[in-house]
$ cat model_25.txt   # compact mmCIF, C-alpha atoms
# COMPACT_ATOMS: atom_id res chain seq x y z
CA MET A 956 99.76 130.14 96.33
CA MET A 957 96.69 129.78 94.15
CA VAL A 958 97.07 126.02 94.36
CA TYR A 959 97.00 126.06 98.16
CA LEU A 960 93.92 128.28 98.20
CA THR A 961 92.13 126.00 95.73
CA ALA A 962 93.06 122.92 97.76
CA PHE A 963 91.72 124.48 100.98
CA ALA A 964 88.59 125.60 99.14
CA LEU A 965 88.01 122.06 97.87
CA ILE A 966 88.47 120.55 101.33
CA MET A 967 86.10 123.10 102.90
CA LEU A 968 83.57 122.55 100.10
CA GLY A 969 83.69 118.80 100.64
CA ILE A 970 83.23 119.09 104.40
CA ALA A 971 80.36 121.57 103.96
CA GLY A 972 78.71 119.21 101.48
CA MET A 973 79.10 116.30 103.87
CA LEU A 974 77.48 118.33 106.65
CA PHE A 975 74.64 120.06 104.84
CA ARG A 976 73.47 117.70 102.11
CA ARG A 977 70.96 115.01 103.00
CA ASN A 978 71.21 112.48 100.20
CA LEU A 979 73.66 109.68 100.91
CA LEU A 980 75.01 109.58 97.36
CA LYS A 981 75.62 113.32 97.47
CA ILE A 982 77.48 112.82 100.75
CA ILE A 983 79.73 110.29 98.99
CA MET A 984 80.37 112.77 96.18
CA ALA A 985 81.32 115.42 98.74
CA LEU A 986 83.74 112.94 100.30
CA SER A 987 85.31 112.42 96.88
CA VAL A 988 85.70 116.19 96.42
CA ALA A 989 87.42 116.50 99.79
CA ASP A 990 89.73 113.63 98.76
CA SER A 991 90.68 115.53 95.62
CA GLY A 992 91.51 118.59 97.68
CA ALA A 993 93.85 116.55 99.86
CA TYR A 994 95.65 115.14 96.80
CA LEU A 995 96.08 118.63 95.36
CA LEU A 996 97.47 119.94 98.66
CA LEU A 997 100.04 117.14 98.93
CA ILE A 998 101.22 117.50 95.35
CA ALA A 999 101.52 121.27 95.73
CA ILE A 1000 103.63 120.88 98.87
CA GLY A 1001 106.13 118.79 96.93
CA TYR A 1002 106.49 121.18 94.00
CA ARG A 1003 109.72 123.04 93.32
CA SER A 1004 109.79 126.01 91.02
CA GLY A 1005 111.54 125.15 87.77
CA GLY A 1006 111.71 121.47 88.62
CA THR A 1007 111.20 118.50 86.35
CA ALA A 1008 109.47 115.20 87.00
CA PRO A 1009 111.49 112.73 89.14
CA ILE A 1010 112.35 110.33 86.31
CA LEU A 1011 115.92 109.63 85.27
CA THR A 1012 115.10 108.55 81.70
CA GLY A 1013 116.05 111.49 79.53
CA TYR A 1014 117.14 113.62 82.47
CA GLU A 1015 119.20 116.69 81.57
CA GLY A 1016 120.13 118.21 84.89
CA GLY A 1017 118.36 120.85 86.89
CA PRO A 1018 116.22 120.57 90.00
CA MET A 1019 113.66 117.84 90.51
CA VAL A 1020 110.25 117.76 92.15
CA ASP A 1021 109.98 116.04 95.52
CA PRO A 1022 109.02 112.40 94.80
CA LEU A 1023 107.78 111.39 98.26
CA PRO A 1024 104.37 113.18 98.24
CA GLN A 1025 103.71 111.78 94.77
CA ALA A 1026 104.19 108.23 96.03
CA LEU A 1027 101.89 108.89 98.98
CA VAL A 1028 99.21 110.41 96.75
CA LEU A 1029 99.50 107.41 94.42
CA THR A 1030 98.67 105.14 97.33
CA ALA A 1031 95.88 107.43 98.48
CA ILE A 1032 94.13 107.44 95.09
CA VAL A 1033 93.73 103.66 95.03
CA ILE A 1034 92.46 103.71 98.62
CA GLY A 1035 89.98 106.40 97.58
CA VAL A 1036 88.61 104.15 94.83
CA CYS A 1037 88.24 101.27 97.32
CA VAL A 1038 86.39 103.50 99.77
CA LEU A 1039 84.11 104.70 96.95
CA ILE A 1040 83.17 101.16 95.86
CA MET A 1041 82.59 100.08 99.45
CA ALA A 1042 80.46 103.13 100.27
CA VAL A 1043 78.32 102.83 97.13
CA SER A 1044 77.63 99.16 97.83
CA LEU A 1045 76.67 100.10 101.39
CA VAL A 1046 74.29 102.79 100.09
CA VAL A 1047 72.69 100.34 97.64
CA ASN A 1048 72.14 97.96 100.53
CA VAL A 1049 70.62 100.72 102.66
CA TYR A 1050 68.24 101.60 99.83
CA ARG A 1051 67.19 97.97 99.47
CA HIS A 1052 66.55 97.76 103.18
CA TYR A 1053 64.81 101.08 103.92
CA GLY A 1054 63.57 102.37 100.56
CA THR A 1055 64.97 105.86 100.95
CA LEU A 1056 68.29 107.68 100.94
CA ASP A 1057 67.37 110.75 102.97
CA VAL A 1058 69.40 110.93 106.17
CA SER A 1059 66.70 112.47 108.35
CA GLU A 1060 64.14 109.94 107.07
CA LEU A 1061 66.59 107.16 107.85
CA ARG A 1062 66.93 108.27 111.43
CA ARG A 1063 63.18 108.55 111.86
CA LEU A 1064 62.41 105.09 110.59
CA ARG A 1065 64.05 102.90 113.17
CA GLY A 1066 65.32 104.09 116.49
CA MET B 146 69.22 89.13 76.74
CA THR B 147 68.19 92.12 74.74
CA ARG B 148 70.75 94.30 73.09
CA THR B 149 71.34 97.58 74.88
CA PHE B 150 73.20 99.45 72.15
CA SER B 151 73.39 99.02 68.42
CA ARG B 152 75.94 96.85 66.66
CA ILE B 153 78.06 99.90 65.76
CA VAL B 154 78.71 100.75 69.39
CA GLU B 155 79.72 97.17 70.17
CA THR B 156 82.10 96.98 67.20
CA VAL B 157 83.76 100.31 67.97
CA ALA B 158 84.14 99.35 71.64
CA ASP B 159 85.73 96.03 70.68
CA PHE B 160 88.10 97.87 68.34
CA PHE B 161 89.27 100.43 70.88
CA LEU B 162 89.60 97.79 73.59
CA ILE B 163 92.72 96.47 71.83
CA PHE B 164 94.48 99.81 72.11
CA ILE B 165 93.46 100.28 75.73
CA ILE B 166 94.82 96.84 76.66
CA VAL B 167 98.10 97.41 74.82
CA PHE B 168 98.49 100.80 76.51
CA GLY B 169 97.80 99.32 79.94
CA ILE B 170 100.32 96.52 79.47
CA TYR B 171 102.89 99.04 78.27
CA ILE B 172 102.32 101.16 81.36
CA ILE B 173 102.71 98.14 83.65
CA THR B 174 105.82 96.66 82.04
CA HIS B 175 107.65 99.97 81.64
CA GLY B 176 106.78 101.12 85.13
CA HIS B 177 110.38 101.43 86.27
CA LEU B 178 111.50 103.52 83.29
CA THR B 179 108.70 105.89 82.33
CA PRO B 180 105.73 107.37 84.21
CA GLY B 181 103.44 104.57 85.26
CA GLY B 182 103.49 101.45 87.35
CA GLY B 183 101.29 98.74 88.69
CA PHE B 184 98.47 100.89 90.04
CA GLN B 185 98.09 103.09 86.99
CA GLY B 186 98.28 100.26 84.47
CA GLY B 187 95.86 98.17 86.51
CA VAL B 188 93.34 100.99 86.65
CA VAL B 189 93.68 101.59 82.89
CA LEU B 190 93.06 97.88 82.18
CA ALA B 191 90.07 97.93 84.54
CA ALA B 192 88.70 100.95 82.67
CA GLY B 193 89.04 99.02 79.39
CA ILE B 194 87.13 96.07 80.79
CA LEU B 195 84.46 98.46 82.04
CA LEU B 196 84.12 99.89 78.53
CA LEU B 197 83.38 96.34 77.38
CA LEU B 198 80.85 96.01 80.20
CA VAL B 199 79.03 99.22 79.27
CA ALA B 200 78.96 98.51 75.54
CA HIS B 201 77.69 94.92 75.80
CA GLY B 202 75.15 95.45 78.54
CA PHE B 203 75.53 94.66 82.20
CA SER B 204 74.61 91.01 81.83
CA PHE B 205 77.99 90.55 80.16
CA ALA B 206 79.41 90.25 83.66
CA ARG B 207 77.80 86.85 84.06
CA LYS B 208 80.07 85.37 81.40
CA ILE B 209 83.23 85.79 83.44
CA PRO B 210 83.30 83.44 86.43
CA GLU B 211 83.74 85.17 89.73
CA GLU B 212 86.13 82.60 91.17
CA LEU B 213 88.63 83.39 88.40
CA LEU B 214 88.84 87.03 89.48
CA SER B 215 89.20 86.09 93.14
CA ASP B 216 91.98 83.64 92.30
CA LEU B 217 93.81 86.23 90.20
CA GLU B 218 93.68 88.75 93.03
CA ALA B 219 94.95 86.18 95.51
CA ILE B 220 97.78 85.18 93.17
CA GLY B 221 98.80 88.83 92.82
CA GLY B 222 98.88 89.41 96.55
CA ILE B 223 100.79 86.22 97.31
CA ALA B 224 103.34 86.97 94.57
CA PHE B 225 103.86 90.46 95.97
CA ILE B 226 104.52 89.18 99.49
CA LEU B 227 106.81 86.38 98.23
CA LEU B 228 108.84 88.87 96.17
CA ALA B 229 109.08 91.15 99.18
CA SER B 230 110.27 88.34 101.44
CA LEU B 231 112.99 87.12 99.09
CA GLY B 232 115.62 89.19 100.85
CA PHE B 233 114.70 88.15 104.34
CA GLY B 234 118.33 87.78 105.35
CA GLN B 235 118.67 91.56 105.30
CA SER B 236 115.23 93.00 105.81
CA PHE B 237 111.70 92.55 104.54
CA PHE B 238 111.68 94.74 101.44
CA TYR B 239 115.37 94.24 100.61
CA ASN B 240 115.84 94.17 96.84
CA ILE B 241 118.15 91.16 96.69
CA LEU B 242 117.76 90.60 92.96
CA TRP B 243 119.32 93.98 92.27
CA HIS B 244 121.99 94.08 94.98
CA GLU B 245 123.34 90.56 94.40
CA LYS B 246 123.06 90.87 90.58
CA LEU B 247 120.87 87.78 90.32
CA ALA B 248 118.27 88.79 87.73
CA PHE B 249 117.03 91.99 86.13
CA ALA B 250 120.37 93.48 87.04
CA GLU B 251 121.55 95.47 84.03
CA GLN B 252 122.49 99.12 84.13
CA VAL B 253 119.95 101.67 85.34
CA GLY B 254 117.80 102.76 82.43
CA ARG B 255 117.79 99.46 80.53
CA PHE B 256 114.65 97.37 80.38
CA PHE B 257 115.97 94.43 82.42
CA SER B 258 116.94 96.51 85.41
CA GLY B 259 115.42 97.19 88.76
CA GLY B 260 115.61 93.78 90.39
CA ALA B 261 112.27 92.86 91.89
CA ILE B 262 110.53 96.11 90.90
CA PRO B 263 109.17 95.01 87.46
CA LEU B 264 107.93 91.75 88.95
CA MET B 265 106.27 93.68 91.78
CA ASN B 266 104.70 95.94 89.16
CA LEU B 267 103.25 92.91 87.42
CA SER B 268 101.84 91.38 90.59
CA VAL B 269 100.34 94.64 91.87
CA GLY B 270 98.84 95.32 88.43
CA LEU B 271 97.22 91.88 88.43
CA LYS B 272 95.86 92.47 91.90
CA VAL B 273 94.44 95.90 91.13
CA VAL B 274 92.78 94.91 87.86
CA ALA B 275 91.21 91.79 89.38
CA GLY B 276 90.04 93.59 92.50
CA ILE B 277 88.43 96.60 90.84
CA THR B 278 86.86 94.47 88.10
CA SER B 279 85.31 92.05 90.58
CA GLY B 280 83.96 94.93 92.65
CA MET B 281 82.40 96.52 89.58
CA PHE B 282 80.91 93.22 88.40
CA ALA B 283 79.36 92.63 91.80
CA LEU B 284 77.97 96.15 91.85
CA SER B 285 76.45 95.75 88.39
CA LEU B 286 74.97 92.30 88.97
CA PHE B 287 73.66 92.15 92.51
CA GLY B 288 71.75 94.59 94.67
CA GLY B 289 69.01 96.95 93.68
CA GLU B 290 65.33 96.27 93.74
CA GLU B 291 65.20 92.59 92.84
CA SER B 292 64.95 93.02 89.09
CA MET C 336 66.83 121.68 117.62
CA ASN C 337 67.61 122.16 113.96
CA THR C 338 69.07 125.65 114.39
CA ILE C 339 71.33 124.39 117.17
CA ARG C 340 72.68 121.72 114.86
CA SER C 341 73.24 124.27 112.08
CA ILE C 342 75.13 126.57 114.44
CA LEU C 343 77.22 123.62 115.59
CA ALA C 344 78.04 122.65 111.99
CA VAL C 345 79.03 126.18 111.00
CA SER C 346 81.21 126.55 114.08
CA ALA C 347 82.91 123.24 113.26
CA LEU C 348 83.64 124.52 109.74
CA LEU C 349 85.08 127.75 111.15
CA VAL C 350 87.31 125.84 113.56
CA ILE C 351 88.65 123.69 110.71
CA LEU C 352 89.33 126.76 108.55
CA PHE C 353 91.06 128.51 111.44
CA THR C 354 93.28 125.47 112.00
CA PHE C 355 94.23 125.42 108.32
CA ILE C 356 95.19 129.09 108.39
CA LEU C 357 97.12 128.65 111.63
CA ILE C 358 99.14 125.77 110.19
CA SER C 359 99.67 127.42 106.85
CA PHE C 360 101.10 130.72 108.09
CA ASN C 361 103.41 129.11 110.64
CA PRO C 362 106.92 130.09 109.51
CA GLY C 363 108.36 126.82 110.79
CA TYR C 364 106.42 124.88 108.20
CA GLY C 365 106.73 127.41 105.39
CA LEU C 366 103.71 125.96 103.68
CA PHE C 367 102.82 129.06 101.72
CA SER C 368 106.22 129.39 100.09
CA PHE C 369 105.11 127.71 96.90
CA GLY C 370 107.96 125.97 95.08
CA HIS C 371 110.03 125.82 98.21
CA PRO C 372 113.44 127.50 98.23
CA GLU C 373 116.15 125.13 99.20
CA GLU C 374 117.51 126.51 102.46
CA LYS C 375 114.18 127.20 104.14
CA SER C 376 112.57 123.83 103.74
CA TRP C 377 112.44 121.32 106.58
CA ARG C 378 112.22 118.30 104.28
CA ILE C 379 115.32 118.99 102.25
CA ALA C 380 117.55 116.25 103.71
CA LEU C 381 115.14 113.44 102.90
CA TYR C 382 114.43 114.97 99.49
CA LYS C 383 118.12 115.14 98.57
CA TYR C 384 118.67 111.59 99.80
CA TYR C 385 115.88 110.22 97.65
CA ILE C 386 116.91 112.14 94.55
CA GLU C 387 120.60 111.23 94.75
CA ASN C 388 120.50 107.63 96.02
CA GLY C 389 117.12 106.35 94.90
CA ALA C 390 118.32 104.82 91.64
CA ASN C 391 121.38 103.21 93.22
CA LEU C 392 119.43 101.74 96.10
CA SER C 393 116.76 100.00 94.09
CA GLY C 394 117.70 100.16 90.45
CA GLY C 395 114.73 101.76 88.74
CA ALA C 396 114.93 104.95 86.73
CA ASN C 397 111.52 106.15 87.93
CA ILE C 398 112.11 107.36 91.47
CA VAL C 399 108.41 107.35 92.36
CA THR C 400 108.25 103.63 91.58
CA ASP C 401 111.40 103.07 93.63
CA ILE C 402 109.83 104.76 96.63
CA VAL C 403 106.50 102.96 96.24
CA PHE C 404 107.87 99.45 95.87
CA ASP C 405 111.21 99.44 97.61
CA LEU C 406 112.04 102.25 100.00
CA ARG C 407 108.55 102.54 101.43
CA GLY C 408 107.19 99.11 100.66
CA TYR C 409 105.19 98.81 103.86
CA ASP C 410 102.84 101.52 102.62
CA THR C 411 102.14 99.45 99.53
CA LEU C 412 101.58 96.35 101.64
CA GLY C 413 99.00 98.18 103.73
CA GLU C 414 97.36 99.52 100.59
CA ALA C 415 97.08 96.00 99.17
CA THR C 416 95.46 94.91 102.43
CA VAL C 417 92.98 97.77 102.24
CA LEU C 418 92.08 96.89 98.64
CA PHE C 419 91.55 93.24 99.50
CA THR C 420 89.42 94.05 102.54
CA ALA C 421 87.29 96.66 100.75
CA ILE C 422 86.54 94.37 97.79
CA ALA C 423 85.74 91.47 100.11
CA GLY C 424 83.42 93.70 102.12
CA ALA C 425 81.65 94.97 99.00
CA LEU C 426 81.17 91.43 97.70
CA ALA C 427 79.82 90.25 101.05
CA LEU C 428 77.42 93.20 101.22
CA LEU C 429 76.08 92.87 97.70
CA ARG C 430 75.33 89.19 97.59
CA ARG C 431 71.75 88.08 97.65
CA GLY C 432 70.79 87.63 101.27
CA GLY C 433 73.87 89.40 102.54
CA ALA C 434 71.74 91.85 104.45
CA LYS C 435 68.25 91.07 105.69
CA MET D 1052 109.37 125.91 77.23
CA ILE D 1053 106.53 128.23 78.07
CA SER D 1054 107.22 131.31 80.12
CA VAL D 1055 106.38 131.75 83.78
CA ALA D 1056 103.59 134.25 83.19
CA ALA D 1057 101.84 132.02 80.65
CA GLN D 1058 102.12 129.11 83.06
CA MET D 1059 100.55 131.22 85.82
CA VAL D 1060 97.64 132.14 83.55
CA ILE D 1061 97.06 128.50 82.51
CA GLN D 1062 97.17 127.37 86.13
CA GLY D 1063 94.72 130.07 87.14
CA ILE D 1064 92.25 129.00 84.47
CA VAL D 1065 92.55 125.32 85.39
CA LEU D 1066 92.18 125.98 89.12
CA ALA D 1067 89.14 128.18 88.58
CA GLY D 1068 87.64 125.41 86.46
CA ILE D 1069 88.28 122.87 89.22
CA PHE D 1070 86.60 125.02 91.85
CA LEU D 1071 83.59 125.89 89.67
CA THR D 1072 82.95 122.30 88.61
CA ALA D 1073 83.18 121.10 92.24
CA LEU D 1074 80.75 123.83 93.35
CA TYR D 1075 78.33 123.01 90.55
CA ALA D 1076 78.53 119.29 91.34
CA LEU D 1077 77.67 119.85 94.97
CA LEU D 1078 74.86 122.37 94.39
CA GLN D 1079 73.07 120.34 91.73
CA LYS D 1080 69.83 118.49 92.47
CA ASP D 1081 70.26 116.02 89.61
CA LEU D 1082 72.59 113.27 90.77
CA LEU D 1083 73.53 112.11 87.27
CA ALA D 1084 74.65 115.61 86.24
CA SER D 1085 76.56 115.79 89.49
CA ALA D 1086 78.45 112.56 88.73
CA LEU D 1087 79.39 113.79 85.26
CA MET D 1088 80.57 117.10 86.74
CA LEU D 1089 82.79 115.11 89.09
CA ALA D 1090 84.29 113.41 86.04
CA ALA D 1091 85.02 116.81 84.50
CA MET D 1092 86.60 117.97 87.76
CA SER D 1093 88.80 114.90 87.80
CA LEU D 1094 89.97 115.56 84.25
CA LEU D 1095 90.92 119.14 85.10
CA MET D 1096 92.63 117.82 88.24
CA SER D 1097 94.78 115.47 86.19
CA LEU D 1098 95.76 118.39 83.93
CA GLU D 1099 96.78 120.34 87.02
CA PHE D 1100 98.87 117.39 88.26
CA TYR D 1101 100.63 117.31 84.92
CA LEU D 1102 101.36 121.04 85.20
CA LEU D 1103 102.81 120.44 88.68
CA GLN D 1104 105.24 117.84 87.21
CA ALA D 1105 103.61 114.69 88.58
CA PRO D 1106 102.86 112.48 85.55
CA ASP D 1107 102.39 109.29 87.58
CA VAL D 1108 99.60 110.80 89.62
CA ALA D 1109 98.13 112.38 86.49
CA ILE D 1110 97.78 108.99 84.76
CA ALA D 1111 96.22 107.41 87.84
CA GLU D 1112 93.80 110.29 88.42
CA ALA D 1113 92.71 110.39 84.77
CA ALA D 1114 91.97 106.66 84.62
CA VAL D 1115 90.23 106.61 88.00
CA GLY D 1116 88.17 109.75 87.50
CA ALA D 1117 87.08 109.10 83.94
CA GLY D 1118 86.47 105.38 84.19
CA VAL D 1119 86.04 103.72 87.53
CA SER D 1120 84.65 106.44 89.79
CA THR D 1121 82.07 107.71 87.29
CA LEU D 1122 80.83 104.23 86.49
CA VAL D 1123 80.53 103.31 90.17
CA LEU D 1124 78.48 106.43 90.88
CA VAL D 1125 76.29 105.90 87.80
CA LEU D 1126 75.61 102.30 88.85
CA GLY D 1127 74.65 103.48 92.32
CA ILE D 1128 72.31 106.12 90.89
CA ARG D 1129 70.77 103.57 88.53
CA LYS D 1130 69.99 101.24 91.40
CA THR D 1131 68.49 103.87 93.70
CA GLY D 1132 67.01 107.01 92.21
CA ARG D 1133 68.07 109.89 90.02
CA TRP D 1134 66.63 112.90 91.78
CA GLU D 1135 67.50 114.21 95.19
CA GLU D 1136 64.47 114.59 97.51
$ encode --input "model_25.txt" --output "structure tokens"
Amino acid sequence: MMVYLTAFALIMLGIAGMLFRRNLLKIIMALSVADSGAYLLLIAIGYRSGGTAPILTGYEGGPMVDPLPQALVLTAIVIGVCVLIMAVSLVVNVYRHYGTLDVSELRRLRG
Amino acid sequence: MTRTFSRIVETVADFFLIFIIVFGIYIITHGHLTPGGGFQGGVVLAAGILLLLVAHGFSFARKIPEELLSDLEAIGGIAFILLASLGFGQSFFYNILWHEKLAFAEQVGRFFSGGAIPLMNLSVGLKVVAGITSGMFALSLFGGEES
Amino acid sequence: MNTIRSILAVSALLVILFTFILISFNPGYGLFSFGHPEEKSWRIALYKYYIENGANLSGGANIVTDIVFDLRGYDTLGEATVLFTAIAGALALLRRGGAK
Amino acid sequence: MISVAAQMVIQGIVLAGIFLTALYALLQKDLLASALMLAAMSLLMSLEFYLLQAPDVAIAEAAVGAGVSTLVLVLGIRKTGRWEE
């Protein structure tokens, strides 16, 4: 329950940061925070109370946690790193071209 | 090139790099038995290389040729697709090494088990470490205000 | 102009929050039953199949690795494509004379 | 094996830490402090993943958040500017 509320709070915080901040690097950080909220939501959906990790080495019976959301989150984390590298290189290029990172300034410079 | 940190920082970074590399290789090769796998081990190895980059200054990235990293990433991707298309008689990701008892076909839980999965771990780990390292090297060398 | 955009942004946030709450309290999904009980969940057939047959189908003791590399290998293939494309794009952007 | 109540308390502390570090990172004017706060948030996030019985994701998140993501953001800040506005 608490985990779901924290995940929703993180996603809302990330979207609010993406909408209201004006620095491009801060927008990328807000995107990363929203990503983290999505990972937390997926992992919390797959949790079972009293379960153990889905690994058969040293397994002693009992319920297991759902392994499918963990695999999907594992893929999503690497894609998040790729998006971060790509976005930061784009921002560096924008700074070299325009000399500023402010979004409203960027719109005013060239139509 | 001027030295960015003192000699102590460089020596300690070189010392801990050994443990980071051993830990990353352990995570990659035991990916089918314990927590870990190709992605995690590749990211750990990339973090070790980045520690080297930070401790020795960013001009350290010039010493490693860029074509080597591109070739390693391409080799990883091609090996992954070839391993996936080995069982093309059945379907694309059919694990023929495990079902036909060709190689890596011991009992579940032993080291040489899992069929194509340890080899896929190796190739994906190679791909991830080469890709992230080349991206970081490019970001630390190029761009910026024409230094 | 600026106040209109602020009102638009806040209303967009409220719509997203309302959608989250609507999805979460839907009893068909059962999203707020943390640590899902076995008979109420809608994913339980797939979950049981993966837990019981994952090791026999692909031979690894770590079921997450089995799913990533064997049972759902197309996801990993797409992820490898995304990594390759993103790194190639970053390299092409950052080279001297890439832009401008 | 720790009891259920103790686990609830630990999870509450970790989740509150995650939310507060994310809020601080987004409200801060200093971009470098913001990047380091994101690293702290990622560390707490990996602890939470370990508590939710997902060690694979915990390893990946710890390595990504502590190493790669922080260094990428710090390199971007170094090439542009440290202060917002």
$ residues_around --input "model_25.txt" --residues "stretch 1065-1069 of chain D" --least-positions-apart "2" --cutoff "7 Å" --atoms "all atoms listed in the file" --output "ChimeraX atom specification"
/A:961 /D:1061-1063,1071-1073,1092,1095-1096,1099
$ interface_residues --input "model_25.txt" --of "chain B" --to "chain A" --cutoff "10 Å" --atoms "all atoms listed in the file" --output "number ranges by chain"
B: 177-180, 184-185, 188, 253-255, 273, 276-277, 280-281, 283-284, 287-291
$ write_last_selection --input "model_25.txt" --atoms "C-alpha atoms" --output "JSON list (two decimals), in the frame of the given file"
[["chain", "number", "residue", "atom", "x", "y", "z"],
["B", 177, "HIS", "CA", 110.38, 101.43, 86.27],
["B", 178, "LEU", "CA", 111.50, 103.52, 83.29],
["B", 179, "THR", "CA", 108.70, 105.89, 82.33],
["B", 180, "PRO", "CA", 105.73, 107.37, 84.21],
["B", 184, "PHE", "CA", 98.47, 100.89, 90.04],
["B", 185, "GLN", "CA", 98.09, 103.09, 86.99],
["B", 188, "VAL", "CA", 93.34, 100.99, 86.65],
["B", 253, "VAL", "CA", 119.95, 101.67, 85.34],
["B", 254, "GLY", "CA", 117.80, 102.76, 82.43],
["B", 255, "ARG", "CA", 117.79, 99.46, 80.53],
["B", 273, "VAL", "CA", 94.44, 95.90, 91.13],
["B", 276, "GLY", "CA", 90.04, 93.59, 92.50],
["B", 277, "ILE", "CA", 88.43, 96.60, 90.84],
["B", 280, "GLY", "CA", 83.96, 94.93, 92.65],
["B", 281, "MET", "CA", 82.40, 96.52, 89.58],
["B", 283, "ALA", "CA", 79.36, 92.63, 91.80],
["B", 284, "LEU", "CA", 77.97, 96.15, 91.85],
["B", 287, "PHE", "CA", 73.66, 92.15, 92.51],
["B", 288, "GLY", "CA", 71.75, 94.59, 94.67],
["B", 289, "GLY", "CA", 69.01, 96.95, 93.68],
["B", 290, "GLU", "CA", 65.33, 96.27, 93.74],
["B", 291, "GLU", "CA", 65.20, 92.59, 92.84]]
$ axis_aligned_box --input "model_25.txt" --around "stretch 208-217 of chain B" --padding-each-side "3 Å" --output "lines of an AutoDock Vina configuration file"
center_x = 86.9
center_y = 84.8
center_z = 87.3
size_x = 19.7
size_y = 10.4
size_z = 17.7
$ atom_distance --input "model_25.txt" --atom1 "atom CA of B:Glu211" --atom2 "atom CA of B:Ile194"
14.5 Å
$ closest_residue --input "model_25.txt" --among "C:Leu349, C:Ala427, C:Val399, C:Ile356" --to "chain A" --atoms "all atoms listed in the file"
C:Val399
$ closest_residue --input "model_25.txt" --among "D:Ser1093, D:Thr1131, D:Gln1058, D:Gln1104" --to "D:Gly1116" --atoms "all atoms listed in the file"
D:Ser1093
$ atom_distance --input "model_25.txt" --atom1 "atom CA of A:Met957" --atom2 "atom CA of D:Phe1070"
11.4 Å
$ atom_distance --input "model_25.txt" --atom1 "atom CA of A:Val958" --atom2 "atom CA of C:Leu381"
23.6 Å
$ residues_around --input "model_25.txt" --residues "stretch 965-972 of chain A" --least-positions-apart "6" --cutoff "12 Å" --atoms "only C-alpha atoms" --output "JSON, numbers by chain"
{"A": [958, 959, 978, 979, 980, 981, 982, 983, 984, 985, 986, 987, 988, 989, 990, 991, 992, 993, 994, 995, 996], "C": [341, 344, 345, 346, 347, 348, 349, 350, 351, 352, 353, 354, 355], "D": [1066, 1067, 1068, 1069, 1070, 1071, 1072, 1073, 1074, 1075, 1076, 1077, 1078, 1079, 1092, 1096]}
$ interface_residues --input "model_25.txt" --of "chain D" --to "chain C" --cutoff "10 Å" --atoms "only C-alpha atoms" --output "list in words"
Leu1103, Ala1105, Asp1107 and Val1108 of chain D
$ closest_atom_pairs --input "model_25.txt" --of "chain D" --to "chain B" --cutoff "7 Å" --atoms "only C-alpha atoms" --output "tab-separated table"
residue	atom	partner	partner_atom	distance
D:Pro1106	CA	B:Pro180	CA	6.0
D:Asp1107	CA	B:Pro180	CA	5.1
D:Ile1110	CA	B:Gln185	CA	6.3
D:Ala1111	CA	B:Gln185	CA	4.8
D:Ala1114	CA	B:Val189	CA	5.6
D:Val1115	CA	B:Val188	CA	6.6
D:Gly1118	CA	B:Ala192	CA	5.2
D:Val1119	CA	B:Ala192	CA	6.2
D:Leu1126	CA	B:Ser285	CA	6.6
D:Lys1130	CA	B:Gly289	CA	5.0
D:Thr1131	CA	B:Gly289	CA	6.9
$ interface_residues --input "model_25.txt" --of "chain C" --to "chain B" --cutoff "9 Å" --atoms "all atoms listed in the file" --output "ChimeraX atom specification"
/C:390-401,404-409,412,415-416,418-419,421-423,425-426,428-431
$ closest_residue --input "model_25.txt" --among "A:Ala964, A:Ile1034, A:Tyr1014, A:Glu1060" --to "chain D" --atoms "only C-alpha atoms"
A:Ala964
$ closest_residue --input "model_25.txt" --among "D:Glu1135, D:Leu1102, D:Ser1097, D:Ala1117" --to "chain A" --atoms "only C-alpha atoms"
D:Glu1135
$ residues_around --input "model_25.txt" --residues "D:Thr1121" --least-positions-apart "4" --cutoff "8 Å" --atoms "only C-alpha atoms" --output "MDAnalysis selection string"
chainID D and resid 1086:1087 1089:1090 1116:1117 1125
$ closest_residue --input "model_25.txt" --among "A:Ala1026, A:Ala962, A:Met973, A:Leu997" --to "chain C" --atoms "all atoms listed in the file"
A:Ala1026
$ closest_residue --input "model_25.txt" --among "A:Ile998, A:Val1038, A:Val1058, A:Pro1018" --to "chain D" --atoms "all atoms listed in the file"
A:Ile998
